[in-house]
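Asks: Coordinates in my_file-v1.tsv, TSV, C-alpha atoms and all ligand atoms, are listed below.
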```tsv
chain	number	residue	atom	x	y	z
A	19	MET	CA	108.41	62.02	139.44
A	20	LYS	CA	111.03	64.57	138.39
A	21	GLU	CA	110.36	65.80	134.88
A	22	ILE	CA	113.36	65.79	132.54
A	23	TYR	CA	113.46	68.06	129.49
A	24	LEU	CA	115.54	66.71	126.63
A	25	ASP	CA	113.39	68.16	123.85
A	26	LYS	CA	114.82	71.48	122.67
A	27	ASN	CA	118.57	70.90	122.36
A	28	GLU	CA	119.15	73.34	125.19
A	29	ASN	CA	122.31	73.31	127.24
A	30	PRO	CA	121.55	71.40	130.47
A	31	PHE	CA	123.71	73.89	132.41
A	32	ASN	CA	122.78	77.42	133.36
A	33	ILE	CA	125.59	79.98	133.17
A	34	PRO	CA	128.08	79.92	136.09
A	35	ASP	CA	127.31	82.05	139.19
A	36	THR	CA	130.49	84.08	138.71
A	37	ILE	CA	129.21	85.19	135.31
A	38	LYS	CA	125.75	85.89	136.73
A	39	GLU	CA	127.40	88.16	139.30
A	40	LYS	CA	129.18	90.13	136.57
A	41	PHE	CA	125.90	90.45	134.72
A	42	ILE	CA	124.08	91.62	137.86
A	43	GLY	CA	126.78	94.25	138.30
A	44	TYR	CA	125.93	95.51	134.82
A	45	VAL	CA	122.19	95.46	135.51
A	46	LYS	CA	122.72	97.60	138.63
A	47	THR	CA	124.54	100.33	136.72
A	48	SER	CA	122.49	100.31	133.51
A	49	ASP	CA	120.46	103.27	132.28
A	50	PHE	CA	117.32	101.46	131.19
A	51	ASN	CA	115.73	104.70	130.10
A	52	ARG	CA	118.24	105.01	127.25
A	53	TYR	CA	118.21	103.26	123.88
A	54	PRO	CA	121.10	100.92	123.11
A	55	GLU	CA	123.96	102.38	121.11
A	56	LYS	CA	122.90	102.26	117.45
A	57	GLY	CA	123.87	98.93	115.88
A	58	LEU	CA	125.19	97.52	119.19
A	59	PRO	CA	128.80	98.18	118.10
A	60	SER	CA	130.37	96.74	121.22
A	61	LEU	CA	128.76	93.32	120.69
A	62	ILE	CA	129.68	93.36	117.00
A	63	GLU	CA	133.26	94.20	117.86
A	64	SER	CA	133.46	91.39	120.45
A	65	LEU	CA	132.14	88.91	117.89
A	66	GLY	CA	134.56	90.23	115.28
A	67	LYS	CA	137.44	89.54	117.67
A	68	PHE	CA	136.08	86.22	118.91
A	69	THR	CA	135.66	84.83	115.40
A	70	GLY	CA	138.84	86.47	114.13
A	71	LEU	CA	136.93	87.87	111.15
A	72	GLY	CA	136.69	91.49	112.23
A	73	SER	CA	133.49	93.42	112.91
A	74	GLY	CA	132.79	94.15	109.23
A	75	SER	CA	132.02	90.48	108.66
A	76	ILE	CA	129.55	90.17	111.54
A	77	ILE	CA	125.83	90.77	112.02
A	78	ALA	CA	124.03	90.03	115.30
A	79	SER	CA	120.35	89.33	115.91
A	80	ASN	CA	117.64	88.20	118.33
A	81	GLY	CA	118.48	84.55	117.99
A	82	SER	CA	119.71	83.19	114.67
A	83	ASP	CA	116.01	82.67	113.89
A	84	GLU	CA	115.73	86.40	113.25
A	85	LEU	CA	118.53	86.28	110.69
A	86	LEU	CA	116.83	83.35	108.99
A	87	ASP	CA	113.64	85.39	108.90
A	88	MET	CA	115.48	88.36	107.40
A	89	LEU	CA	117.38	86.32	104.81
A	90	ILE	CA	114.32	84.36	103.70
A	91	LYS	CA	112.23	87.52	103.42
A	92	ARG	CA	115.01	89.22	101.43
A	93	ALA	CA	115.30	86.23	99.08
A	94	ASN	CA	111.76	86.86	97.82
A	95	GLY	CA	111.73	83.74	95.63
A	96	ASN	CA	112.32	80.01	95.68
A	97	ILE	CA	114.18	78.60	98.68
A	98	VAL	CA	115.97	75.24	98.51
A	99	ILE	CA	116.12	73.12	101.65
A	100	SER	CA	117.11	69.49	102.28
A	101	SER	CA	114.71	67.57	104.47
A	102	PRO	CA	114.60	66.30	107.11
A	103	THR	CA	115.88	69.58	108.52
A	104	PHE	CA	115.11	72.51	110.81
A	105	GLU	CA	111.44	73.38	110.52
A	106	MET	CA	111.86	77.15	110.79
A	107	TYR	CA	113.11	77.38	107.18
A	108	SER	CA	109.73	76.36	105.77
A	109	PHE	CA	107.94	78.35	108.46
A	110	TYR	CA	109.50	81.64	107.32
A	111	ALA	CA	109.31	80.76	103.63
A	112	ASN	CA	105.58	80.15	104.02
A	113	ASN	CA	105.18	83.44	105.91
A	114	TYR	CA	106.57	85.32	102.92
A	115	GLY	CA	104.93	83.20	100.24
A	116	ASN	CA	108.29	81.88	99.03
A	117	ARG	CA	108.10	78.48	97.41
A	118	VAL	CA	110.10	75.78	99.21
A	119	ILE	CA	111.95	73.38	96.93
A	120	ASP	CA	112.90	70.29	98.89
A	121	VAL	CA	115.92	68.32	97.72
A	122	PRO	CA	115.93	65.65	100.44
A	123	LEU	CA	119.14	64.41	102.01
A	124	LYS	CA	120.27	61.05	100.64
A	125	ASP	CA	119.65	57.87	102.62
A	126	ASP	CA	122.92	58.32	104.49
A	127	PHE	CA	121.87	61.95	105.31
A	128	SER	CA	124.46	63.42	102.97
A	129	LEU	CA	123.63	66.45	100.82
A	130	ASN	CA	122.40	65.92	97.28
A	131	ALA	CA	124.47	68.84	95.97
A	132	GLY	CA	124.22	67.77	92.33
A	133	GLU	CA	120.44	67.99	92.47
A	134	ILE	CA	120.41	71.24	94.46
A	135	ILE	CA	122.41	73.17	91.89
A	136	LYS	CA	120.00	72.19	89.12
A	137	HIS	CA	117.61	74.73	90.65
A	138	ARG	CA	119.21	77.69	88.90
A	139	ASP	CA	116.29	79.98	89.67
A	140	ALA	CA	116.59	79.52	93.45
A	141	LYS	CA	117.11	82.73	95.40
A	142	LEU	CA	118.46	81.07	98.52
A	143	ILE	CA	119.84	77.63	99.44
A	144	ILE	CA	119.79	76.65	103.09
A	145	ILE	CA	122.17	73.99	104.35
A	146	CYS	CA	122.05	72.94	107.99
A	147	SER	CA	125.33	71.48	109.24
A	148	PRO	CA	125.48	69.70	111.55
A	149	ASN	CA	121.91	69.01	110.53
A	150	ASN	CA	118.96	69.12	112.90
A	151	PRO	CA	117.41	66.54	113.48
A	152	THR	CA	119.72	63.96	111.88
A	153	GLY	CA	122.81	65.19	113.77
A	154	ASN	CA	125.41	64.67	111.04
A	155	LEU	CA	127.87	67.13	109.50
A	156	ILE	CA	127.49	67.91	105.81
A	157	ASP	CA	130.61	67.16	103.87
A	158	ARG	CA	132.69	70.21	102.91
A	159	GLU	CA	133.06	69.19	99.25
A	160	SER	CA	129.33	69.05	98.68
A	161	ILE	CA	128.96	72.47	100.32
A	162	LYS	CA	131.59	73.81	97.93
A	163	THR	CA	129.69	72.32	95.00
A	164	VAL	CA	126.61	74.26	96.10
A	165	LEU	CA	128.61	77.46	96.61
A	166	GLU	CA	130.16	77.20	93.14
A	167	SER	CA	126.65	77.78	91.76
A	168	GLY	CA	126.93	81.40	92.88
A	169	ILE	CA	123.47	81.28	94.46
A	170	THR	CA	123.30	82.83	97.93
A	171	ALA	CA	123.64	80.07	100.51
A	172	VAL	CA	123.00	80.02	104.25
A	173	LEU	CA	124.98	77.53	106.27
A	174	ASP	CA	123.11	77.13	109.55
A	175	ASN	CA	125.90	76.22	111.95
A	176	ALA	CA	123.92	76.30	115.23
A	177	TYR	CA	125.70	73.20	116.57
A	178	TYR	CA	129.18	74.25	115.44
A	179	GLU	CA	130.73	74.14	118.90
A	180	PHE	CA	129.89	70.44	119.38
A	181	SER	CA	131.10	69.40	115.94
A	182	GLY	CA	134.77	70.25	115.63
A	183	GLU	CA	134.23	71.33	112.01
A	184	ASP	CA	134.72	75.00	111.20
A	185	TYR	CA	133.57	76.17	107.76
A	186	LYS	CA	134.64	79.77	108.34
A	187	ASP	CA	137.57	79.50	105.91
A	188	LEU	CA	135.04	79.06	103.07
A	189	LEU	CA	134.05	82.71	103.56
A	190	LYS	CA	137.37	83.78	102.03
A	191	LYS	CA	136.62	82.11	98.73
A	192	TYR	CA	132.83	82.38	98.51
A	193	ASN	CA	131.13	85.74	98.85
A	194	ASN	CA	127.70	84.11	98.42
A	195	LEU	CA	128.05	82.29	101.77
A	196	ILE	CA	126.50	83.34	105.09
A	197	ILE	CA	127.24	81.24	108.17
A	198	LEU	CA	124.81	81.46	111.10
A	199	ARG	CA	125.67	80.69	114.71
A	200	THR	CA	123.86	81.10	117.99
A	201	PHE	CA	124.27	81.61	121.73
A	202	SER	CA	121.27	79.34	122.36
A	203	LYS	CA	123.05	75.98	122.51
A	204	ALA	CA	126.75	75.86	123.46
A	205	PHE	CA	126.61	79.23	125.29
A	206	SER	CA	123.58	78.35	127.47
A	207	LEU	CA	121.69	81.51	126.48
A	208	ALA	CA	118.54	80.20	124.75
A	209	GLY	CA	116.41	82.49	126.93
A	210	MET	CA	118.36	85.62	125.97
A	211	ARG	CA	117.86	85.26	122.18
A	212	VAL	CA	121.23	86.07	120.63
A	213	GLY	CA	122.52	84.80	117.31
A	214	TYR	CA	124.98	86.05	114.73
A	215	GLY	CA	125.92	85.75	111.10
A	216	MET	CA	129.27	85.84	109.33
A	217	SER	CA	129.79	86.81	105.72
A	218	ASN	CA	131.69	89.23	103.51
A	219	PRO	CA	131.51	92.91	104.55
A	220	ASP	CA	129.50	93.95	101.46
A	221	LEU	CA	126.71	91.52	102.16
A	222	MET	CA	126.85	92.29	105.87
A	223	SER	CA	126.39	96.03	105.33
A	224	GLU	CA	123.53	95.31	102.95
A	225	LEU	CA	121.83	93.14	105.60
A	226	LYS	CA	122.48	95.66	108.36
A	227	LYS	CA	120.49	98.21	106.35
A	228	LEU	CA	117.45	95.95	106.73
A	229	GLN	CA	117.87	95.89	110.49
A	230	ALA	CA	116.34	98.30	112.99
A	231	PRO	CA	119.01	100.45	114.67
A	232	PHE	CA	118.03	99.18	118.14
A	233	TYR	CA	117.55	95.56	117.15
A	234	MET	CA	118.58	93.99	120.44
A	235	ASN	CA	118.07	94.85	124.10
A	236	ILE	CA	121.10	95.87	126.14
A	237	LEU	CA	120.88	92.94	128.57
A	238	SER	CA	121.06	90.22	125.92
A	239	ALA	CA	123.86	92.03	124.13
A	240	LYS	CA	125.85	92.50	127.32
A	241	LEU	CA	125.47	88.94	128.55
A	242	ALA	CA	126.58	87.62	125.15
A	243	GLU	CA	129.67	89.82	125.40
A	244	ILE	CA	130.40	88.59	128.93
A	245	MET	CA	130.16	84.99	127.71
A	246	LEU	CA	132.68	85.69	124.94
A	247	GLU	CA	135.07	87.13	127.54
A	248	ASN	CA	134.62	84.00	129.66
A	249	TYR	CA	134.84	81.26	127.08
A	250	GLY	CA	136.78	78.89	129.38
A	251	PRO	CA	133.75	77.65	131.34
A	252	VAL	CA	131.70	77.53	128.12
A	253	LYS	CA	134.33	75.29	126.55
A	254	ASP	CA	134.33	73.03	129.63
A	255	LYS	CA	130.58	72.48	129.23
A	256	ILE	CA	130.98	71.79	125.53
A	257	ASN	CA	133.61	69.13	126.31
A	258	TYR	CA	131.32	67.61	128.94
A	259	ILE	CA	128.37	67.47	126.55
A	260	VAL	CA	130.45	65.99	123.73
A	261	SER	CA	131.81	63.28	126.00
A	262	GLU	CA	128.29	62.53	127.27
A	263	ARG	CA	127.03	62.38	123.68
A	264	LYS	CA	129.68	59.79	122.86
A	265	ARG	CA	128.77	57.80	125.95
A	266	VAL	CA	125.01	57.93	125.34
A	267	TYR	CA	125.53	56.96	121.71
A	268	SER	CA	127.69	53.99	122.65
A	269	GLU	CA	124.96	52.87	125.08
A	270	LEU	CA	122.17	53.32	122.54
A	271	LYS	CA	124.01	52.42	119.34
A	272	ASP	CA	121.35	49.98	118.18
A	273	ILE	CA	118.60	52.52	118.35
A	274	ALA	CA	120.38	55.87	117.64
A	275	TYR	CA	122.21	57.58	114.80
A	276	ASN	CA	125.64	58.97	115.54
A	277	SER	CA	125.87	62.73	115.89
A	278	ASP	CA	128.15	65.77	115.75
A	279	THR	CA	125.84	67.85	117.95
A	280	ASN	CA	124.32	67.90	121.45
A	281	PHE	CA	121.47	65.58	120.43
A	282	LEU	CA	120.82	62.16	118.91
A	283	MET	CA	118.12	61.09	116.49
A	284	LEU	CA	116.54	57.80	117.53
A	285	LYS	CA	115.51	55.12	115.08
A	286	LYS	CA	112.16	54.83	116.85
A	287	ASP	CA	109.48	57.24	117.95
A	288	LEU	CA	109.80	57.00	121.74
A	289	TYR	CA	108.01	60.28	122.43
A	290	ASP	CA	104.87	58.81	124.00
A	291	TYR	CA	106.66	56.05	125.87
A	292	LEU	CA	109.25	58.38	127.45
A	293	ALA	CA	106.58	60.95	128.33
A	294	THR	CA	105.00	58.33	130.61
A	295	LYS	CA	108.35	58.29	132.46
A	296	GLY	CA	108.47	62.08	132.75
A	297	ILE	CA	111.16	62.33	130.09
A	298	HIS	CA	110.28	64.86	127.42
A	299	ILE	CA	111.91	64.44	124.04
A	300	ARG	CA	111.20	65.83	120.58
A	301	LYS	CA	108.61	64.25	118.38
A	302	LEU	CA	109.47	64.64	114.71
A	303	PRO	CA	106.13	65.01	112.95
A	304	LEU	CA	107.78	65.11	109.52
A	305	VAL	CA	110.05	62.11	110.05
A	306	LYS	CA	108.20	58.86	110.44
A	307	ASP	CA	109.20	56.51	113.28
A	308	ARG	CA	111.99	58.73	114.55
A	309	SER	CA	112.42	61.01	117.53
A	310	ARG	CA	115.16	63.21	118.92
A	311	ILE	CA	116.81	63.36	122.33
A	312	THR	CA	118.96	66.19	123.68
A	313	ILE	CA	122.09	65.28	125.63
A	314	GLY	CA	121.53	66.33	129.25
A	315	THR	CA	123.56	65.99	132.42
A	316	ALA	CA	125.09	62.57	133.14
A	317	GLU	CA	122.34	61.97	135.70
A	318	GLU	CA	119.57	62.80	133.22
A	319	ASN	CA	121.24	60.74	130.53
A	320	ASN	CA	121.44	57.74	132.84
A	321	ILE	CA	117.72	57.95	133.56
A	322	LEU	CA	117.05	58.18	129.84
A	323	ILE	CA	119.31	55.23	129.01
A	324	SER	CA	117.64	53.01	131.63
A	325	ALA	CA	114.18	53.95	130.39
A	326	ILE	CA	115.13	53.15	126.80
A	327	ARG	CA	116.77	49.86	127.83
A	328	GLU	CA	113.57	48.89	129.59
A	329	TYR	CA	111.64	49.66	126.42
A	330	ILE	CA	113.91	47.68	124.13
A	331	LYS	CA	113.59	44.63	126.39
A	332	VAL	CA	109.79	44.60	126.27
A	401	LIG	C1	118.49	75.73	117.79
A	401	LIG	C2	118.70	76.05	116.37
A	401	LIG	C3	118.90	77.35	115.95
A	401	LIG	C4	119.00	78.45	116.96
A	401	LIG	O1	117.99	79.33	116.93
A	401	LIG	P1	118.06	80.61	117.86
A	401	LIG	O2	117.03	81.47	117.25
A	401	LIG	O3	119.44	81.20	117.73
A	401	LIG	O4	117.75	80.17	119.25
A	401	LIG	C5	119.12	77.61	114.61
A	401	LIG	N1	119.16	76.59	113.72
A	401	LIG	C6	118.99	75.32	114.10
A	401	LIG	C7	119.09	74.24	113.11
A	401	LIG	C8	118.73	75.01	115.43
A	401	LIG	O5	118.53	73.75	115.79
```
How does the structure come out when it is put into structure tokens?
Replies:
Amino acid sequence: MKEIYLDKNENPFNIPDTIKEKFIGYVKTSDFNRYPEKGLPSLIESLGKFTGLGSGSIIASNGSDELLDMLIKRANGNIVISSPTFEMYSFYANNYGNRVIDVPLKDDFSLNAGEIIKHRDAKLIIICSPNNPTGNLIDRESIKTVLESGITAVLDNAYYEFSGEDYKDLLKKYNNLIILRTFSKAFSLAGMRVGYGMSNPDLMSELKKLQAPFYMNILSAKLAEIMLENYGPVKDKINYIVSERKRVYSELKDIAYNSDTNFLMLKKDLYDYLATKGIHIRKLPLVKDRSRITIGTAEENNILISAIREYIKV
């Protein structure tokens, strides 16, 4: 039985061979005995160009997890989250002894912005959009309501590329906003650990002071840069995954929530059942009777759909 991994929202595709060749060329000529250039300016500059924001508005990190860690540590006080959401927020808050205030999403998974802004003493508000594990985008107006409070807010935008909703323009108006993105999903680089944040230059230089000068290894930084220079094939994979997501959702409508990401939350916990078929999905220990599937290749998705159909029939 071939095992299928649809549990971590990874991209089902490795990077193209042509890009691997470019990367190998870099590996062959690298001076591994030398430290990276302080602050990894070349990566920052590439991200500044790619996002159109300029390098002053960018910070990079070992996965966006590291930026979450840094921001939650820096907050040093109450953190507001909206469950069900990404579990790393509470993980880091607990590490630093920061109290987590949970203002759960409403029944339709929309943000309860009115309730969030009542927590005037909060040091950080974390909004995940599109949200993991529910898969939906958070409405722009409710995000603005939160930002109007003036409290520092992180918008975790890890699934941005699959969603078609860009919140970057909000950075112009709100200097308390930090948007986080990652190379782990759309860019197929989960194993390389590269993420980045976007915010106003003042906040970015303040955060950069908390960062070690050699915060990332040269290979991860270089491969991220190469991916930015070769966005065409990345975009093709994004389009493929989005069209597969739409197809899988239409096949599983009765048992799945719609999604703006590369995954679907199921209305049942099929973790154990699918494991017996060699299909590994995500159990959601904090969300009763639900589970989460990652969109894979068409072949993997077909195997998943048949397995679920078989289950629904019995
Ligand atoms: C996958 C994911 C990330 C990405 O984390 P990395 O450390 O960049 O790999 C961040 N936030 C959410 C909600 C995620 O699902």
Asks: Taking (136.5, 86.3, 125.7) as a centre in this file's frame and 12 Å as the limit, can you find every polymer residue with an atom that close, using all atoms listed in the file, and give them as a VMD selection string?
Replies: chain A and resid 61 63 to 70 241 to 253
Asks: Hey, could you make a per-residue contact list for chain A against ligand LIG 401 (chain A) with 6 Å as the cut-off, showing the nearest pair of atoms and its distance in Å to one decimal, counting only C-alpha atoms and all ligand atoms, sorted by chain and number, as CSV?
Replies:
```
residue,atom,partner,partner_atom,distance
A:Gly81,CA,A:LIG401,O2,3.5
A:Ser82,CA,A:LIG401,O3,3.7
A:Asp83,CA,A:LIG401,O2,3.7
A:Phe104,CA,A:LIG401,C7,4.9
A:Asn150,CA,A:LIG401,C7,5.1
A:Asp174,CA,A:LIG401,N1,5.8
A:Ala176,CA,A:LIG401,N1,5.0
A:Thr200,CA,A:LIG401,O3,4.4
A:Ser202,CA,A:LIG401,O4,4.8
A:Ala208,CA,A:LIG401,O4,5.6
A:Arg211,CA,A:LIG401,O4,5.9
A:Val212,CA,A:LIG401,O3,5.9
A:Gly213,CA,A:LIG401,O3,4.8
```
Asks: To one decimal place, how far is atom CA of Lys255 of chain A from atom CA of Asp278 of chain A in Å?
Replies: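 Atom CA of Lys255 of chain A sits 15.3 Å away from atom CA of Asp278 of chain A.
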Asks: Which distance in Å separates atom CA of Gly296 of chain A and atom CA of Leu207 of chain A, to one decimal?
Replies: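 Calculated distance between atom CA of Gly296 of chain A and atom CA of Leu207 of chain A is 24.3 Å.
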Asks: Identify the residues around (106.0, 60.5, 128.1) within a radius of 12 Å, measuring from all atoms listed in the file in the coordinates stated by the file, and give them as a CSV table (one decimal) with C-alpha atoms, in the frame of the given file.
Replies:
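Below is the file that was written, selection_31.csv:
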```
chain,number,residue,atom,x,y,z
A,19,MET,CA,108.4,62.0,139.4
A,21,GLU,CA,110.4,65.8,134.9
A,22,ILE,CA,113.4,65.8,132.5
A,23,TYR,CA,113.5,68.1,129.5
A,24,LEU,CA,115.5,66.7,126.6
A,25,ASP,CA,113.4,68.2,123.8
A,287,ASP,CA,109.5,57.2,118.0
A,288,LEU,CA,109.8,57.0,121.7
A,289,TYR,CA,108.0,60.3,122.4
A,290,ASP,CA,104.9,58.8,124.0
A,291,TYR,CA,106.7,56.0,125.9
A,292,LEU,CA,109.2,58.4,127.4
A,293,ALA,CA,106.6,61.0,128.3
A,294,THR,CA,105.0,58.3,130.6
A,295,LYS,CA,108.4,58.3,132.5
A,296,GLY,CA,108.5,62.1,132.8
A,297,ILE,CA,111.2,62.3,130.1
A,298,HIS,CA,110.3,64.9,127.4
A,299,ILE,CA,111.9,64.4,124.0
A,300,ARG,CA,111.2,65.8,120.6
A,301,LYS,CA,108.6,64.2,118.4
A,322,LEU,CA,117.0,58.2,129.8
A,325,ALA,CA,114.2,54.0,130.4
A,326,ILE,CA,115.1,53.2,126.8
```
Asks: Counting all atoms listed in the file, which of A:Ser206, A:Asn280, A:Asn235, A:Asn218 gets nearest to Pro34 of chain A?
Replies: A:Ser206
Asks: Complete the atoms of segment 161-178 of chain A to N, CA, C and O atoms and put them out as a PDB file, in the coordinates of the input.
Replies:
```pdb
ATOM      1  N   ILE A 161     129.291  71.061 100.058  1.00  0.00           N
ATOM      2  CA  ILE A 161     128.960  72.470 100.320  1.00  0.00           C
ATOM      3  C   ILE A 161     129.626  73.358  99.285  1.00  0.00           C
ATOM      4  O   ILE A 161     129.022  74.274  98.738  1.00  0.00           O
ATOM      5  N   LYS A 162     130.877  73.031  98.958  1.00  0.00           N
ATOM      6  CA  LYS A 162     131.590  73.810  97.930  1.00  0.00           C
ATOM      7  C   LYS A 162     130.877  73.707  96.585  1.00  0.00           C
ATOM      8  O   LYS A 162     130.769  74.687  95.853  1.00  0.00           O
ATOM      9  N   THR A 163     130.407  72.500  96.262  1.00  0.00           N
ATOM     10  CA  THR A 163     129.690  72.320  95.000  1.00  0.00           C
ATOM     11  C   THR A 163     128.491  73.270  94.939  1.00  0.00           C
ATOM     12  O   THR A 163     128.251  73.923  93.923  1.00  0.00           O
ATOM     13  N   VAL A 164     127.761  73.352  96.050  1.00  0.00           N
ATOM     14  CA  VAL A 164     126.610  74.260  96.100  1.00  0.00           C
ATOM     15  C   VAL A 164     127.072  75.712  95.950  1.00  0.00           C
ATOM     16  O   VAL A 164     126.495  76.495  95.191  1.00  0.00           O
ATOM     17  N   LEU A 165     128.149  76.076  96.642  1.00  0.00           N
ATOM     18  CA  LEU A 165     128.610  77.460  96.610  1.00  0.00           C
ATOM     19  C   LEU A 165     129.111  77.873  95.225  1.00  0.00           C
ATOM     20  O   LEU A 165     128.961  79.022  94.825  1.00  0.00           O
ATOM     21  N   GLU A 166     129.678  76.916  94.502  1.00  0.00           N
ATOM     22  CA  GLU A 166     130.160  77.200  93.140  1.00  0.00           C
ATOM     23  C   GLU A 166     129.035  77.678  92.226  1.00  0.00           C
ATOM     24  O   GLU A 166     129.279  78.325  91.215  1.00  0.00           O
ATOM     25  N   SER A 167     127.791  77.360  92.577  1.00  0.00           N
ATOM     26  CA  SER A 167     126.650  77.780  91.760  1.00  0.00           C
ATOM     27  C   SER A 167     126.475  79.292  91.768  1.00  0.00           C
ATOM     28  O   SER A 167     125.801  79.856  90.906  1.00  0.00           O
ATOM     29  N   GLY A 168     127.057  79.957  92.775  1.00  0.00           N
ATOM     30  CA  GLY A 168     126.930  81.400  92.880  1.00  0.00           C
ATOM     31  C   GLY A 168     125.640  81.859  93.556  1.00  0.00           C
ATOM     32  O   GLY A 168     125.499  83.038  93.890  1.00  0.00           O
ATOM     33  N   ILE A 169     124.722  80.932  93.781  1.00  0.00           N
ATOM     34  CA  ILE A 169     123.470  81.280  94.460  1.00  0.00           C
ATOM     35  C   ILE A 169     123.767  81.535  95.940  1.00  0.00           C
ATOM     36  O   ILE A 169     124.604  80.845  96.540  1.00  0.00           O
ATOM     37  N   THR A 170     123.097  82.520  96.516  1.00  0.00           N
ATOM     38  CA  THR A 170     123.300  82.830  97.930  1.00  0.00           C
ATOM     39  C   THR A 170     122.954  81.611  98.790  1.00  0.00           C
ATOM     40  O   THR A 170     121.908  80.999  98.601  1.00  0.00           O
ATOM     41  N   ALA A 171     123.854  81.257  99.686  1.00  0.00           N
ATOM     42  CA  ALA A 171     123.640  80.070 100.510  1.00  0.00           C
ATOM     43  C   ALA A 171     123.837  80.392 101.984  1.00  0.00           C
ATOM     44  O   ALA A 171     124.808  81.048 102.371  1.00  0.00           O
ATOM     45  N   VAL A 172     122.889  79.923 102.796  1.00  0.00           N
ATOM     46  CA  VAL A 172     123.000  80.020 104.250  1.00  0.00           C
ATOM     47  C   VAL A 172     123.485  78.686 104.771  1.00  0.00           C
ATOM     48  O   VAL A 172     122.915  77.641 104.436  1.00  0.00           O
ATOM     49  N   LEU A 173     124.539  78.735 105.576  1.00  0.00           N
ATOM     50  CA  LEU A 173     124.980  77.530 106.270  1.00  0.00           C
ATOM     51  C   LEU A 173     124.612  77.709 107.738  1.00  0.00           C
ATOM     52  O   LEU A 173     125.228  78.518 108.443  1.00  0.00           O
ATOM     53  N   ASP A 174     123.574  77.029 108.162  1.00  0.00           N
ATOM     54  CA  ASP A 174     123.110  77.130 109.550  1.00  0.00           C
ATOM     55  C   ASP A 174     123.999  76.234 110.405  1.00  0.00           C
ATOM     56  O   ASP A 174     123.934  75.015 110.340  1.00  0.00           O
ATOM     57  N   ASN A 175     124.828  76.884 111.218  1.00  0.00           N
ATOM     58  CA  ASN A 175     125.900  76.220 111.950  1.00  0.00           C
ATOM     59  C   ASN A 175     125.626  76.276 113.462  1.00  0.00           C
ATOM     60  O   ASN A 175     126.541  76.435 114.263  1.00  0.00           O
ATOM     61  N   ALA A 176     124.345  76.127 113.835  1.00  0.00           N
ATOM     62  CA  ALA A 176     123.920  76.300 115.230  1.00  0.00           C
ATOM     63  C   ALA A 176     124.639  75.352 116.193  1.00  0.00           C
ATOM     64  O   ALA A 176     124.804  75.669 117.371  1.00  0.00           O
ATOM     65  N   TYR A 177     125.073  74.200 115.692  1.00  0.00           N
ATOM     66  CA  TYR A 177     125.700  73.200 116.570  1.00  0.00           C
ATOM     67  C   TYR A 177     127.210  73.128 116.368  1.00  0.00           C
ATOM     68  O   TYR A 177     127.854  72.161 116.757  1.00  0.00           O
ATOM     69  N   TYR A 178     127.756  74.179 115.749  1.00  0.00           N
ATOM     70  CA  TYR A 178     129.180  74.250 115.440  1.00  0.00           C
ATOM     71  C   TYR A 178     130.085  73.809 116.601  1.00  0.00           C
ATOM     72  O   TYR A 178     130.981  72.981 116.435  1.00  0.00           O
TER      73      TYR A 178
END
```
